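Peer 1: Pasting protein.pdb below, which is PDB, C-alpha atoms.
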ATOM      1  CA  MET A 817      28.297  -8.889 -27.991
ATOM      2  CA  THR A 818      31.079  -9.730 -30.474
ATOM      3  CA  GLU A 819      33.573 -12.544 -30.013
ATOM      4  CA  GLY A 820      37.264 -11.986 -30.710
ATOM      5  CA  ILE A 821      39.751 -14.002 -32.716
ATOM      6  CA  GLU A 822      42.345 -15.504 -30.411
ATOM      7  CA  MET A 823      46.054 -15.935 -31.005
ATOM      8  CA  PHE A 824      48.006 -17.889 -28.405
ATOM      9  CA  ALA A 825      51.591 -16.840 -27.800
ATOM     10  CA  GLU A 826      53.567 -17.628 -24.681
ATOM     11  CA  ASN A 827      54.579 -14.705 -22.443
ATOM     12  CA  ILE A 828      53.146 -12.006 -24.683
ATOM     13  CA  GLU A 829      53.005  -8.712 -22.870
ATOM     14  CA  ASN A 830      52.081  -6.092 -25.410
ATOM     15  CA  PHE A 831      51.945  -4.788 -28.936
ATOM     16  CA  ARG A 832      52.254  -1.295 -30.313
ATOM     17  CA  VAL A 833      51.892   0.320 -26.890
ATOM     18  CA  CYS A 834      53.741  -1.253 -23.999
ATOM     19  CA  ASN A 835      54.293  -0.534 -20.302
ATOM     20  CA  MET A 836      55.702  -3.197 -18.014
ATOM     21  CA  ALA A 837      56.679  -0.930 -15.139
ATOM     22  CA  ASN A 838      54.337  -2.727 -12.736
ATOM     23  CA  GLN A 839      55.344  -6.256 -13.669
ATOM     24  CA  SER A 840      57.610  -8.666 -11.823
ATOM     25  CA  SER A 841      61.165  -7.434 -11.232
ATOM     26  CA  SER A 842      62.469 -10.916 -12.098
ATOM     27  CA  GLN A 843      61.809 -10.275 -15.787
ATOM     28  CA  PRO A 844      64.786  -9.069 -17.889
ATOM     29  CA  ILE A 845      62.818  -6.141 -19.320
ATOM     30  CA  LEU A 846      61.568  -3.674 -16.693
ATOM     31  CA  CYS A 847      59.625  -1.411 -19.059
ATOM     32  CA  ALA A 848      58.940  -0.866 -22.752
ATOM     33  CA  SER A 849      57.028   1.610 -24.895
ATOM     34  CA  PHE A 850      56.459   2.457 -28.542
ATOM     35  CA  ASN A 851      56.780   6.049 -29.710
ATOM     36  CA  GLN A 852      53.754   8.021 -30.913
ATOM     37  CA  ASP A 853      53.935   7.037 -34.594
ATOM     38  CA  ASN A 854      55.061   3.457 -33.854
ATOM     39  CA  SER A 855      58.271   3.850 -35.837
ATOM     40  CA  CYS A 856      60.525   3.044 -32.853
ATOM     41  CA  PHE A 857      60.333   1.506 -29.413
ATOM     42  CA  VAL A 858      62.460   1.595 -26.288
ATOM     43  CA  ILE A 859      63.073  -0.948 -23.533
ATOM     44  CA  GLY A 860      64.488  -0.486 -20.041
ATOM     45  CA  THR A 861      66.607  -3.176 -18.373
ATOM     46  CA  ARG A 862      68.675  -3.506 -15.196
ATOM     47  CA  ASP A 863      71.624  -1.972 -17.034
ATOM     48  CA  GLY A 864      70.060   0.899 -19.002
ATOM     49  CA  PHE A 865      67.925   1.402 -22.096
ATOM     50  CA  LYS A 866      67.869   0.420 -25.770
ATOM     51  CA  ILE A 867      66.046   2.046 -28.703
ATOM     52  CA  PHE A 868      64.979  -0.095 -31.683
ATOM     53  CA  HIS A 869      63.523   0.524 -35.137
ATOM     54  CA  CYS A 870      60.109  -1.140 -35.470
ATOM     55  CA  GLU A 871      60.245  -2.016 -39.158
ATOM     56  CA  THR A 872      63.667  -3.647 -39.122
ATOM     57  CA  GLY A 873      64.082  -4.523 -35.439
ATOM     58  CA  LYS A 874      67.578  -3.017 -35.517
ATOM     59  CA  LEU A 875      69.115  -1.562 -32.376
ATOM     60  CA  LEU A 876      69.605   2.177 -32.941
ATOM     61  CA  HIS A 877      70.914   3.398 -29.610
ATOM     62  CA  GLU A 878      71.800   2.038 -26.195
ATOM     63  CA  ARG A 879      73.156   3.445 -22.976
ATOM     64  CA  VAL A 880      74.310   1.639 -19.844
ATOM     65  CA  ILE A 881      73.480   3.990 -16.968
ATOM     66  CA  GLY A 882      71.310   1.991 -14.562
ATOM     67  CA  ALA A 883      67.846   0.505 -14.149
ATOM     68  CA  PHE A 884      64.678   2.303 -15.326
ATOM     69  CA  ILE A 885      61.005   1.562 -14.709
ATOM     70  CA  ILE A 886      59.534   4.179 -17.075
ATOM     71  CA  ILE A 887      60.885   5.355 -20.450
ATOM     72  CA  GLU A 888      58.862   7.394 -22.954
ATOM     73  CA  MET A 889      60.005   8.638 -26.362
ATOM     74  CA  LEU A 890      58.902  11.801 -28.190
ATOM     75  CA  TYR A 891      58.368  10.581 -31.748
ATOM     76  CA  ARG A 892      61.809  10.143 -33.399
ATOM     77  CA  SER A 893      63.499  12.962 -31.522
ATOM     78  CA  SER A 894      66.492  12.621 -29.205
ATOM     79  CA  LEU A 895      64.331  13.359 -26.142
ATOM     80  CA  LEU A 896      63.479  10.658 -23.608
ATOM     81  CA  ALA A 897      61.425  10.998 -20.423
ATOM     82  CA  ILE A 898      62.907   8.496 -17.972
ATOM     83  CA  VAL A 899      62.281   7.416 -14.363
ATOM     84  CA  GLY A 900      64.773   5.304 -12.440
ATOM     85  CA  ALA A 901      64.057   2.107 -10.566
ATOM     86  CA  GLY A 902      65.609   3.436  -7.360
ATOM     87  CA  GLU A 903      68.498   0.981  -7.294
ATOM     88  CA  GLN A 904      70.948   3.889  -7.013
ATOM     89  CA  PRO A 905      70.467   7.390  -5.520
ATOM     90  CA  SER A 906      70.765   9.209  -8.859
ATOM     91  CA  LEU A 907      67.901   7.152 -10.334
ATOM     92  CA  SER A 908      65.139   7.803  -7.811
ATOM     93  CA  PRO A 909      61.569   6.739  -8.744
ATOM     94  CA  ARG A 910      60.507  10.190  -7.521
ATOM     95  CA  ARG A 911      62.597  11.974 -10.164
ATOM     96  CA  LEU A 912      61.691  12.464 -13.844
ATOM     97  CA  CYS A 913      64.653  13.141 -16.109
ATOM     98  CA  LEU A 914      64.365  14.595 -19.611
ATOM     99  CA  PHE A 915      67.341  12.965 -21.314
ATOM    100  CA  ASN A 916      69.038  13.850 -24.613
ATOM    101  CA  THR A 917      70.253  10.677 -26.314
ATOM    102  CA  ILE A 918      72.619  12.509 -28.695
ATOM    103  CA  LYS A 919      74.455  14.484 -26.008
ATOM    104  CA  GLY A 920      74.052  11.749 -23.426
ATOM    105  CA  THR A 921      73.069  14.272 -20.773
ATOM    106  CA  ALA A 922      70.044  15.278 -18.709
ATOM    107  CA  LEU A 923      68.292  18.407 -19.993
ATOM    108  CA  ARG A 924      65.963  18.937 -17.027
ATOM    109  CA  GLU A 925      64.854  17.080 -13.933
ATOM    110  CA  LEU A 926      61.533  17.200 -12.076
ATOM    111  CA  ASN A 927      61.382  15.961  -8.480
ATOM    112  CA  PHE A 928      58.256  14.840  -6.627
ATOM    113  CA  LEU A 929      57.385  13.866  -3.059
ATOM    114  CA  THR A 930      56.041  10.447  -4.077
ATOM    115  CA  SER A 931      56.950   7.867  -6.699
ATOM    116  CA  ILE A 932      56.096   8.473 -10.337
ATOM    117  CA  VAL A 933      53.814   5.711 -11.635
ATOM    118  CA  GLY A 934      53.170   6.911 -15.188
ATOM    119  CA  VAL A 935      54.513   9.313 -17.829
ATOM    120  CA  ARG A 936      53.149  10.354 -21.227
ATOM    121  CA  VAL A 937      54.478  12.942 -23.659
ATOM    122  CA  SER A 938      53.429  14.745 -26.844
ATOM    123  CA  ARG A 939      54.778  17.714 -28.786
ATOM    124  CA  LYS A 940      52.739  20.035 -26.551
ATOM    125  CA  ARG A 941      52.293  18.328 -23.209
ATOM    126  CA  LEU A 942      54.153  16.274 -20.626
ATOM    127  CA  ILE A 943      51.967  14.169 -18.320
ATOM    128  CA  VAL A 944      53.302  12.894 -14.987
ATOM    129  CA  VAL A 945      51.088  10.491 -13.031
ATOM    130  CA  LEU A 946      51.551  10.090  -9.286
ATOM    131  CA  GLN A 947      49.514   7.817  -7.042
ATOM    132  CA  GLU A 948      46.941  10.494  -6.164
ATOM    133  CA  GLN A 949      47.777  13.404  -8.478
ATOM    134  CA  THR A 950      48.455  13.958 -12.166
ATOM    135  CA  TYR A 951      50.560  16.886 -13.417
ATOM    136  CA  ILE A 952      50.119  18.472 -16.836
ATOM    137  CA  TYR A 953      53.165  20.421 -18.081
ATOM    138  CA  ASP A 954      53.981  22.473 -21.134
ATOM    139  CA  VAL A 955      56.593  20.205 -22.702
ATOM    140  CA  ASN A 956      58.812  23.087 -23.870
ATOM    141  CA  SER A 957      58.844  25.425 -20.862
ATOM    142  CA  LEU A 958      57.961  22.756 -18.248
ATOM    143  CA  GLU A 959      55.451  25.186 -16.800
ATOM    144  CA  ILE A 960      52.799  23.427 -14.722
ATOM    145  CA  LYS A 961      49.507  23.939 -16.551
ATOM    146  CA  ARG A 962      47.260  21.969 -14.234
ATOM    147  CA  VAL A 963      47.375  19.532 -11.311
ATOM    148  CA  ILE A 964      44.523  17.009 -11.191
ATOM    149  CA  ASP A 965      43.652  15.331  -7.896
ATOM    150  CA  THR A 966      42.748  11.722  -8.636
ATOM    151  CA  VAL A 967      41.509   8.605  -6.917
ATOM    152  CA  PRO A 968      44.349   6.324  -5.728
ATOM    153  CA  ASN A 969      46.073   5.093  -8.884
ATOM    154  CA  LEU A 970      48.866   2.840  -7.660
ATOM    155  CA  LYS A 971      49.512   1.250 -11.054
ATOM    156  CA  GLY A 972      49.649   4.557 -12.919
ATOM    157  CA  LEU A 973      46.763   3.610 -15.183
ATOM    158  CA  CYS A 974      46.168   6.242 -17.854
ATOM    159  CA  ALA A 975      45.695   6.713 -21.593
ATOM    160  CA  PHE A 976      46.925   9.677 -23.617
ATOM    161  CA  SER A 977      46.151  10.818 -27.148
ATOM    162  CA  ALA A 978      48.971  12.742 -28.835
ATOM    163  CA  SER A 979      46.541  13.880 -31.557
ATOM    164  CA  THR A 980      46.459  17.670 -31.999
ATOM    165  CA  ASP A 981      42.725  17.512 -32.809
ATOM    166  CA  ASN A 982      41.778  15.333 -29.838
ATOM    167  CA  PRO A 983      44.405  15.881 -27.108
ATOM    168  CA  TYR A 984      42.767  13.773 -24.414
ATOM    169  CA  LEU A 985      44.027  12.257 -21.186
ATOM    170  CA  ALA A 986      42.047   9.433 -19.574
ATOM    171  CA  LEU A 987      42.338   8.586 -15.872
ATOM    172  CA  PRO A 988      40.387   6.304 -13.512
ATOM    173  CA  ALA A 989      37.488   8.173 -11.904
ATOM    174  CA  SER A 990      36.728   5.527  -9.269
ATOM    175  CA  THR A 991      38.364   2.682  -7.363
ATOM    176  CA  ILE A 992      35.030   0.868  -7.061
ATOM    177  CA  THR A 993      33.635   0.997 -10.591
ATOM    178  CA  GLY A 994      35.189   1.252 -14.040
ATOM    179  CA  SER A 995      34.520   4.934 -14.633
ATOM    180  CA  VAL A 996      36.872   6.954 -16.847
ATOM    181  CA  LEU A 997      37.588  10.687 -16.547
ATOM    182  CA  VAL A 998      38.490  12.162 -19.956
ATOM    183  CA  TYR A 999      40.386  15.450 -19.767
ATOM    184  CA  ASN A1000      41.373  17.866 -22.562
ATOM    185  CA  VAL A1001      45.034  18.681 -21.896
ATOM    186  CA  MET A1002      45.053  21.782 -24.134
ATOM    187  CA  ASP A1003      41.823  23.400 -22.915
ATOM    188  CA  LEU A1004      42.636  22.119 -19.408
ATOM    189  CA  GLN A1005      39.005  21.164 -18.897
ATOM    190  CA  SER A1006      37.212  17.943 -18.068
ATOM    191  CA  HIS A1007      35.628  16.660 -21.274
ATOM    192  CA  CYS A1008      33.408  13.842 -19.993
ATOM    193  CA  GLU A1009      33.116  10.909 -17.640
ATOM    194  CA  ILE A1010      32.412   7.480 -19.117
ATOM    195  CA  HIS A1011      30.864   4.727 -17.012
ATOM    196  CA  ALA A1012      32.529   1.861 -18.833
ATOM    197  CA  HIS A1013      32.418  -1.127 -16.423
ATOM    198  CA  ARG A1014      31.002  -2.255 -13.098
ATOM    199  CA  SER A1015      34.438  -3.357 -11.850
ATOM    200  CA  PRO A1016      37.529  -1.126 -11.507
ATOM    201  CA  LEU A1017      39.575  -0.420 -14.625
ATOM    202  CA  ALA A1018      42.585  -2.537 -15.601
ATOM    203  CA  ALA A1019      43.534  -1.147 -19.023
ATOM    204  CA  MET A1020      42.560   1.566 -21.493
ATOM    205  CA  ALA A1021      43.862   3.038 -24.734
ATOM    206  CA  PHE A1022      42.903   5.757 -27.219
ATOM    207  CA  SER A1023      42.746   5.232 -30.950
ATOM    208  CA  SER A1024      45.549   7.016 -32.840
ATOM    209  CA  ASN A1025      43.189   9.873 -33.757
ATOM    210  CA  GLY A1026      41.914  10.236 -30.194
ATOM    211  CA  MET A1027      38.285   9.724 -31.242
ATOM    212  CA  TYR A1028      37.733   6.388 -29.491
ATOM    213  CA  ILE A1029      38.801   4.801 -26.216
ATOM    214  CA  ALA A1030      38.940   1.082 -25.422
ATOM    215  CA  THR A1031      38.594  -0.074 -21.815
ATOM    216  CA  ALA A1032      38.812  -3.289 -19.810
ATOM    217  CA  SER A1033      37.989  -3.922 -16.154
ATOM    218  CA  GLU A1034      39.753  -6.071 -13.579
ATOM    219  CA  GLN A1035      37.364  -8.900 -14.503
ATOM    220  CA  GLY A1036      38.959  -8.947 -17.958
ATOM    221  CA  THR A1037      36.042 -10.651 -19.717
ATOM    222  CA  ILE A1038      34.566  -7.675 -21.617
ATOM    223  CA  ILE A1039      36.331  -5.076 -23.783
ATOM    224  CA  ARG A1040      34.351  -1.931 -24.598
ATOM    225  CA  VAL A1041      34.928   0.861 -27.142
ATOM    226  CA  HIS A1042      33.457   4.334 -26.586
ATOM    227  CA  LEU A1043      33.137   7.328 -28.889
ATOM    228  CA  ILE A1044      34.728  10.217 -26.984
ATOM    229  CA  SER A1045      32.742  13.069 -28.547
ATOM    230  CA  GLU A1046      29.452  11.648 -27.290
ATOM    231  CA  ALA A1047      30.733   9.493 -24.397
ATOM    232  CA  THR A1048      28.708   6.614 -25.801
ATOM    233  CA  LYS A1049      29.472   2.916 -26.144
ATOM    234  CA  SER A1050      30.085   1.920 -29.757
ATOM    235  CA  TYR A1051      31.277  -1.690 -29.403
ATOM    236  CA  SER A1052      31.367  -4.411 -26.773
ATOM    237  CA  PHE A1053      33.516  -7.527 -27.157
ATOM    238  CA  ARG A1054      33.763 -10.668 -25.064
ATOM    239  CA  ARG A1055      37.370 -11.710 -24.453
ATOM    240  CA  GLY A1056      36.458 -14.875 -22.560
ATOM    241  CA  THR A1057      34.279 -16.445 -19.893
ATOM    242  CA  TYR A1058      36.804 -16.673 -17.071
ATOM    243  CA  PRO A1059      38.432 -13.643 -15.413
ATOM    244  CA  SER A1060      41.872 -12.651 -16.685
ATOM    245  CA  THR A1061      44.188  -9.692 -16.196
ATOM    246  CA  ILE A1062      44.301  -7.467 -19.285
ATOM    247  CA  PHE A1063      47.859  -6.252 -19.817
ATOM    248  CA  SER A1064      47.215  -3.932 -22.740
ATOM    249  CA  LEU A1065      44.836  -2.682 -25.407
ATOM    250  CA  SER A1066      45.795  -1.306 -28.804
ATOM    251  CA  PHE A1067      43.928  -0.022 -31.847
ATOM    252  CA  GLY A1068      45.109  -0.293 -35.421
ATOM    253  CA  PRO A1069      46.078   3.101 -36.942
ATOM    254  CA  SER A1070      43.235   4.925 -38.666
ATOM    255  CA  ALA A1071      42.079   8.414 -39.631
ATOM    256  CA  ASP A1072      38.517   7.548 -38.579
ATOM    257  CA  LEU A1073      37.160   4.399 -36.891
ATOM    258  CA  PRO A1074      39.986   1.865 -36.464
ATOM    259  CA  ASP A1075      39.240  -1.496 -38.068
ATOM    260  CA  ILE A1076      40.998  -3.621 -35.478
ATOM    261  CA  LEU A1077      41.502  -3.764 -31.702
ATOM    262  CA  LEU A1078      43.894  -6.072 -29.869
ATOM    263  CA  ALA A1079      44.099  -7.157 -26.237
ATOM    264  CA  THR A1080      46.782  -9.100 -24.352
ATOM    265  CA  SER A1081      46.055 -10.888 -21.106
ATOM    266  CA  SER A1082      47.480 -13.092 -18.370
ATOM    267  CA  SER A1083      46.022 -16.111 -20.169
ATOM    268  CA  GLY A1084      49.050 -15.894 -22.490
ATOM    269  CA  SER A1085      47.038 -14.954 -25.561
ATOM    270  CA  VAL A1086      46.329 -12.072 -27.896
ATOM    271  CA  HIS A1087      42.707 -11.422 -28.853
ATOM    272  CA  ILE A1088      41.863  -9.542 -32.045
ATOM    273  CA  PHE A1089      38.490  -7.829 -32.364
ATOM    274  CA  SER A1090      37.192  -6.619 -35.699
ATOM    275  CA  LEU A1091      35.633  -3.173 -35.986
ATOM    276  CA  GLY A1092      35.356  -3.507 -39.755
ATOM    277  CA  PHE A1093      38.407  -5.556 -40.776
ATOM    278  CA  ASP A1094      37.999  -6.695 -44.401
ATOM    279  CA  LEU A1095      38.362 -10.300 -45.510
ATOM    280  CA  ASN A1096      41.800 -11.106 -46.983
ATOM    281  CA  GLU A1097      43.122  -7.785 -45.710
ATOM    282  CA  ARG A1098      46.543  -8.053 -44.059
ATOM    283  CA  ALA A1099      47.441  -6.604 -40.675
ATOM    284  CA  THR A1100      50.806  -6.473 -38.951
ATOM    285  CA  VAL A1101      51.038  -7.063 -35.209
ATOM    286  CA  SER A1102      54.189  -6.118 -33.306
ATOM    287  CA  VAL A1103      54.776  -7.797 -29.949
ATOM    288  CA  ILE A1104      57.229  -7.298 -27.088
ATOM    289  CA  THR A1105      57.486 -10.285 -24.744
ATOM    290  CA  PHE A1106      58.328 -10.480 -21.045
ATOM    291  CA  SER A1107      61.351 -12.630 -21.862
ATOM    292  CA  GLY A1108      62.930 -10.028 -24.145
ATOM    293  CA  TYR A1109      61.843 -10.696 -27.733
ATOM    294  CA  PHE A1110      60.379  -8.432 -30.406
ATOM    295  CA  GLN A1111      58.089 -10.371 -32.739
ATOM    296  CA  VAL A1112      56.275  -9.224 -35.872
ATOM    297  CA  TYR A1113      53.289 -11.257 -37.099
ATOM    298  CA  SER A1114      51.160 -10.905 -40.216
ATOM    299  CA  PHE A1115      47.453 -11.599 -39.804
ATOM    300  CA  ARG A1116      44.699 -12.391 -42.342
ATOM    301  CA  ILE A1117      41.075 -13.558 -42.303
ATOM    302  CA  ASN A1118      39.963 -15.689 -45.263
ATOM    303  CA  HIS A1119      36.492 -15.956 -46.820
ATOM    304  CA  LYS A1120      35.608 -18.683 -44.289
ATOM    305  CA  HIS A1121      36.376 -16.217 -41.473
ATOM    306  CA  GLU A1122      39.376 -18.317 -40.479
ATOM    307  CA  ALA A1123      42.374 -16.437 -39.094
ATOM    308  CA  THR A1124      45.942 -17.219 -40.134
ATOM    309  CA  TRP A1125      49.082 -15.963 -38.384
ATOM    310  CA  THR A1126      52.615 -15.885 -39.749
ATOM    311  CA  LEU A1127      55.704 -14.947 -37.743
ATOM    312  CA  GLU A1128      57.587 -12.609 -40.077
ATOM    313  CA  HIS A1129      60.629 -11.970 -37.900
ATOM    314  CA  GLU A1130      61.880 -12.133 -34.331
ATOM    315  CA  VAL A1131      64.638 -10.196 -32.556
ATOM    316  CA  ASN A1132      66.323 -10.970 -29.246
ATOM    317  CA  LEU A1133      66.297  -7.532 -27.640
ATOM    318  CA  LEU A1134      68.740  -8.423 -24.889
ATOM    319  CA  THR A1135      71.557  -9.598 -27.158
ATOM    320  CA  ALA A1136      71.064  -7.131 -30.038
ATOM    321  CA  VAL A1137      74.111  -5.011 -30.911
ATOM    322  CA  ALA A1138      73.891  -1.599 -32.570
ATOM    323  CA  GLU A1139      75.562  -1.223 -35.975
ATOM    324  CA  GLN A1140      76.136   2.452 -35.155
ATOM    325  CA  ARG A1141      75.104   4.732 -32.328
ATOM    326  CA  THR A1142      72.401   7.087 -33.528
ATOM    327  CA  SER A1143      69.059   8.526 -32.473
ATOM    328  CA  CYS A1144      65.763   7.152 -33.735
TER     329      CYS A1144
END
Would you give me this structure, written as structure tokens?
Peer 2:
Amino acid sequence: MTEGIEMFAENIENFRVCNMANQSSSQPILCASFNQDNSCFVIGTRDGFKIFHCETGKLLHERVIGAFIIIEMLYRSSLLAIVGAGEQPSLSPRRLCLFNTIKGTALRELNFLTSIVGVRVSRKRLIVVLQEQTYIYDVNSLEIKRVIDTVPNLKGLCAFSASTDNPYLALPASTITGSVLVYNVMDLQSHCEIHAHRSPLAAMAFSSNGMYIATASEQGTIIRVHLISEATKSYSFRRGTYPSTIFSLSFGPSADLPDILLATSSSGSVHIFSLGFDLNERATVSVITFSGYFQVYSFRINHKHEATWTLEHEVNLLTAVAEQRTSC
């Protein structure tokens, strides 16, 4: 069992990949997500949505059209997949809208009988997660390729790899134990089932190449990493002794085995776990907070295995003003 390096930061929700759709409605940001190559991110508020550039933190595009609980980008294109918060009839949580940010209009709409609890998108597939079903669409034609009946999934827990080589979707396989169903969205076949934890799942995430999946249970004390091709456990990390809610998991980008894994939790901290992180190597951690800030930290480990953190820059997402209206 490997211990993690802890960074304490008040109100941290996520880094790199973010989804706050199930958090308290009293927070100014209702949802947030990074795009597939982590070049941009989008936030949803009571008033509408804003798109930012990750490297500079600059506001690229904003639109005031109502409250949203789910917003997903497709790389740096003008396409957004958005789900309303239900505060007005045109923004029903049962309706998915494919929105063009350049034209400012809806391209297509998909309506469902129950509320949408999760959405993921790639250049080939659109994934829509309902409480007891998950729909797989062709992203271009919007043809339904497969409907998967699932265990009750009220929080919309899922993980999706946009990799063309490993196009996997992960869903909870049980409400009693932490089993994961891994599905190939191109072959439309079940790939494997991973028995990751004894308690139900709370968070999971694929590596950028889709080769590994990290999981955490509702206990929140152990983080595990599995190799998808063999459905075998590769790493096990202890986050802490006392139970805590894991908000998110995120790997560092890599062509093979990622060298770093991060976890945020209700304890108000970020844990970093090394999967081969070199001494004196520098990592950059991007964070979106509940209170509406985008923070970028640099991280190093010295020869004494001591971690140092430096806040490189911080942006108030709620007050940011766009220099010009443009797509990401």
Peer 1: Would you work out the distance separating CA of Ser1090 (chain A) from CA of Ala848 (chain A), expressed in Å to one decimal?
Peer 2: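 Between CA of Ser1090 (chain A) and CA of Ala848 (chain A) the gap is 26.0 Å.
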Peer 1: Run through the PyMOL selection byres ((chain A and resi 920-925) around 12) on the given coordinates and return the selected residues as a VMD selection string.
Peer 2: chain A and resid 877 to 881 894 to 900 906 to 908 910 to 919 926 to 928 955 to 958 1141 to 1143
Peer 1: Interatomic distance between CA of Phe1067 (chain A) and CA of Ile1029 (chain A)?
Peer 2: 9.0 Å
Peer 1: When you look at Ala1079 (chain A) with a cut-off of 8 Å (counting all atoms listed in the file), what residues show up, excluding the ones that are within fewer than 6 positions of it in the same chain? I need them as a ChimeraX atom specification.
Peer 2: /A:1062-1066,1086-1088
Peer 1: Hey, which of A:Val967, A:Ile1076, A:Ile992, A:Val1001 ends up closest to Ile943 (chain A)? Count only C-alpha atoms.
Peer 2: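 Of all the options, A:Val1001 lies closest to Ile943 (chain A).
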Peer 1: As an exercise, work out the distance from CA of Thr1057 (chain A) to CA of Thr1037 (chain A) in Å and give it to one decimal place.
Peer 2: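 Distance between the two atoms: 6.1 Å.
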Peer 1: Residues at most 6 Å from region 1039-1041 of chain A, counting all atoms listed in the file, excluding those fewer than 6 positions away in the same chain, as a list in words?
Peer 2: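 Those residues are Ile1029, Ala1030, Thr1031, Ala1032, Lys1049, Ser1050, Tyr1051, Ser1052 and Phe1053 of chain A.
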Peer 1: From the options A:Ser1114, A:Ser995, A:Ser1083, A:Ser1024, which residue's atoms come nearest to Ala1047 (chain A), counting only C-alpha atoms?
Peer 2: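 Of A:Ser1114, A:Ser995, A:Ser1083, A:Ser1024, the one nearest Ala1047 (chain A) is A:Ser995, counting only C-alpha atoms.
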Peer 1: Would you save region 946-986 of chain A to a file, keeping C-alpha atoms, as an mmCIF file, in the first residue's frame?
Peer 2:
data_model
loop_
_atom_site.group_PDB
_atom_site.id
_atom_site.type_symbol
_atom_site.label_atom_id
_atom_site.label_comp_id
_atom_site.auth_asym_id
_atom_site.auth_seq_id
_atom_site.Cartn_x
_atom_site.Cartn_y
_atom_site.Cartn_z
ATOM 1 C CA LEU A 946 -29.871 8.309 -17.016
ATOM 2 C CA GLN A 947 -30.597 6.918 -13.568
ATOM 3 C CA GLU A 948 -31.139 3.346 -14.796
ATOM 4 C CA GLN A 949 -30.081 3.434 -18.456
ATOM 5 C CA THR A 950 -27.140 4.672 -20.503
ATOM 6 C CA TYR A 951 -27.495 5.621 -24.182
ATOM 7 C CA ILE A 952 -24.656 5.386 -26.690
ATOM 8 C CA TYR A 953 -25.108 7.564 -29.800
ATOM 9 C CA ASP A 954 -23.164 8.159 -32.972
ATOM 10 C CA VAL A 955 -22.116 11.760 -32.368
ATOM 11 C CA ASN A 956 -22.576 12.808 -36.013
ATOM 12 C CA SER A 957 -25.879 11.170 -36.971
ATOM 13 C CA LEU A 958 -27.251 10.872 -33.399
ATOM 14 C CA GLU A 959 -28.267 7.322 -34.221
ATOM 15 C CA ILE A 960 -28.752 5.219 -31.093
ATOM 16 C CA LYS A 961 -26.060 2.538 -31.191
ATOM 17 C CA ARG A 962 -26.853 0.820 -27.916
ATOM 18 C CA VAL A 963 -28.917 1.233 -24.744
ATOM 19 C CA ILE A 964 -27.378 -0.274 -21.602
ATOM 20 C CA ASP A 965 -29.615 -1.129 -18.652
ATOM 21 C CA THR A 966 -27.725 -0.271 -15.476
ATOM 22 C CA VAL A 967 -28.053 -0.489 -11.728
ATOM 23 C CA PRO A 968 -29.566 2.669 -10.173
ATOM 24 C CA ASN A 969 -27.032 5.436 -10.785
ATOM 25 C CA LEU A 970 -28.567 8.533 -9.227
ATOM 26 C CA LYS A 971 -25.344 10.553 -9.276
ATOM 27 C CA GLY A 972 -24.540 9.756 -12.903
ATOM 28 C CA LEU A 973 -21.237 8.134 -12.005
ATOM 29 C CA CYS A 974 -19.277 7.159 -15.108
ATOM 30 C CA ALA A 975 -15.860 7.428 -16.744
ATOM 31 C CA PHE A 976 -15.217 7.772 -20.467
ATOM 32 C CA SER A 977 -12.047 7.453 -22.520
ATOM 33 C CA ALA A 978 -12.014 9.546 -25.702
ATOM 34 C CA SER A 979 -8.981 7.579 -26.942
ATOM 35 C CA THR A 980 -9.501 6.056 -30.404
ATOM 36 C CA ASP A 981 -7.400 3.021 -29.403
ATOM 37 C CA ASN A 982 -9.193 2.382 -26.109
ATOM 38 C CA PRO A 983 -12.725 3.829 -26.405
ATOM 39 C CA TYR A 984 -14.040 2.617 -23.061
ATOM 40 C CA LEU A 985 -17.016 3.589 -20.940
ATOM 41 C CA ALA A 986 -17.056 2.623 -17.257
#
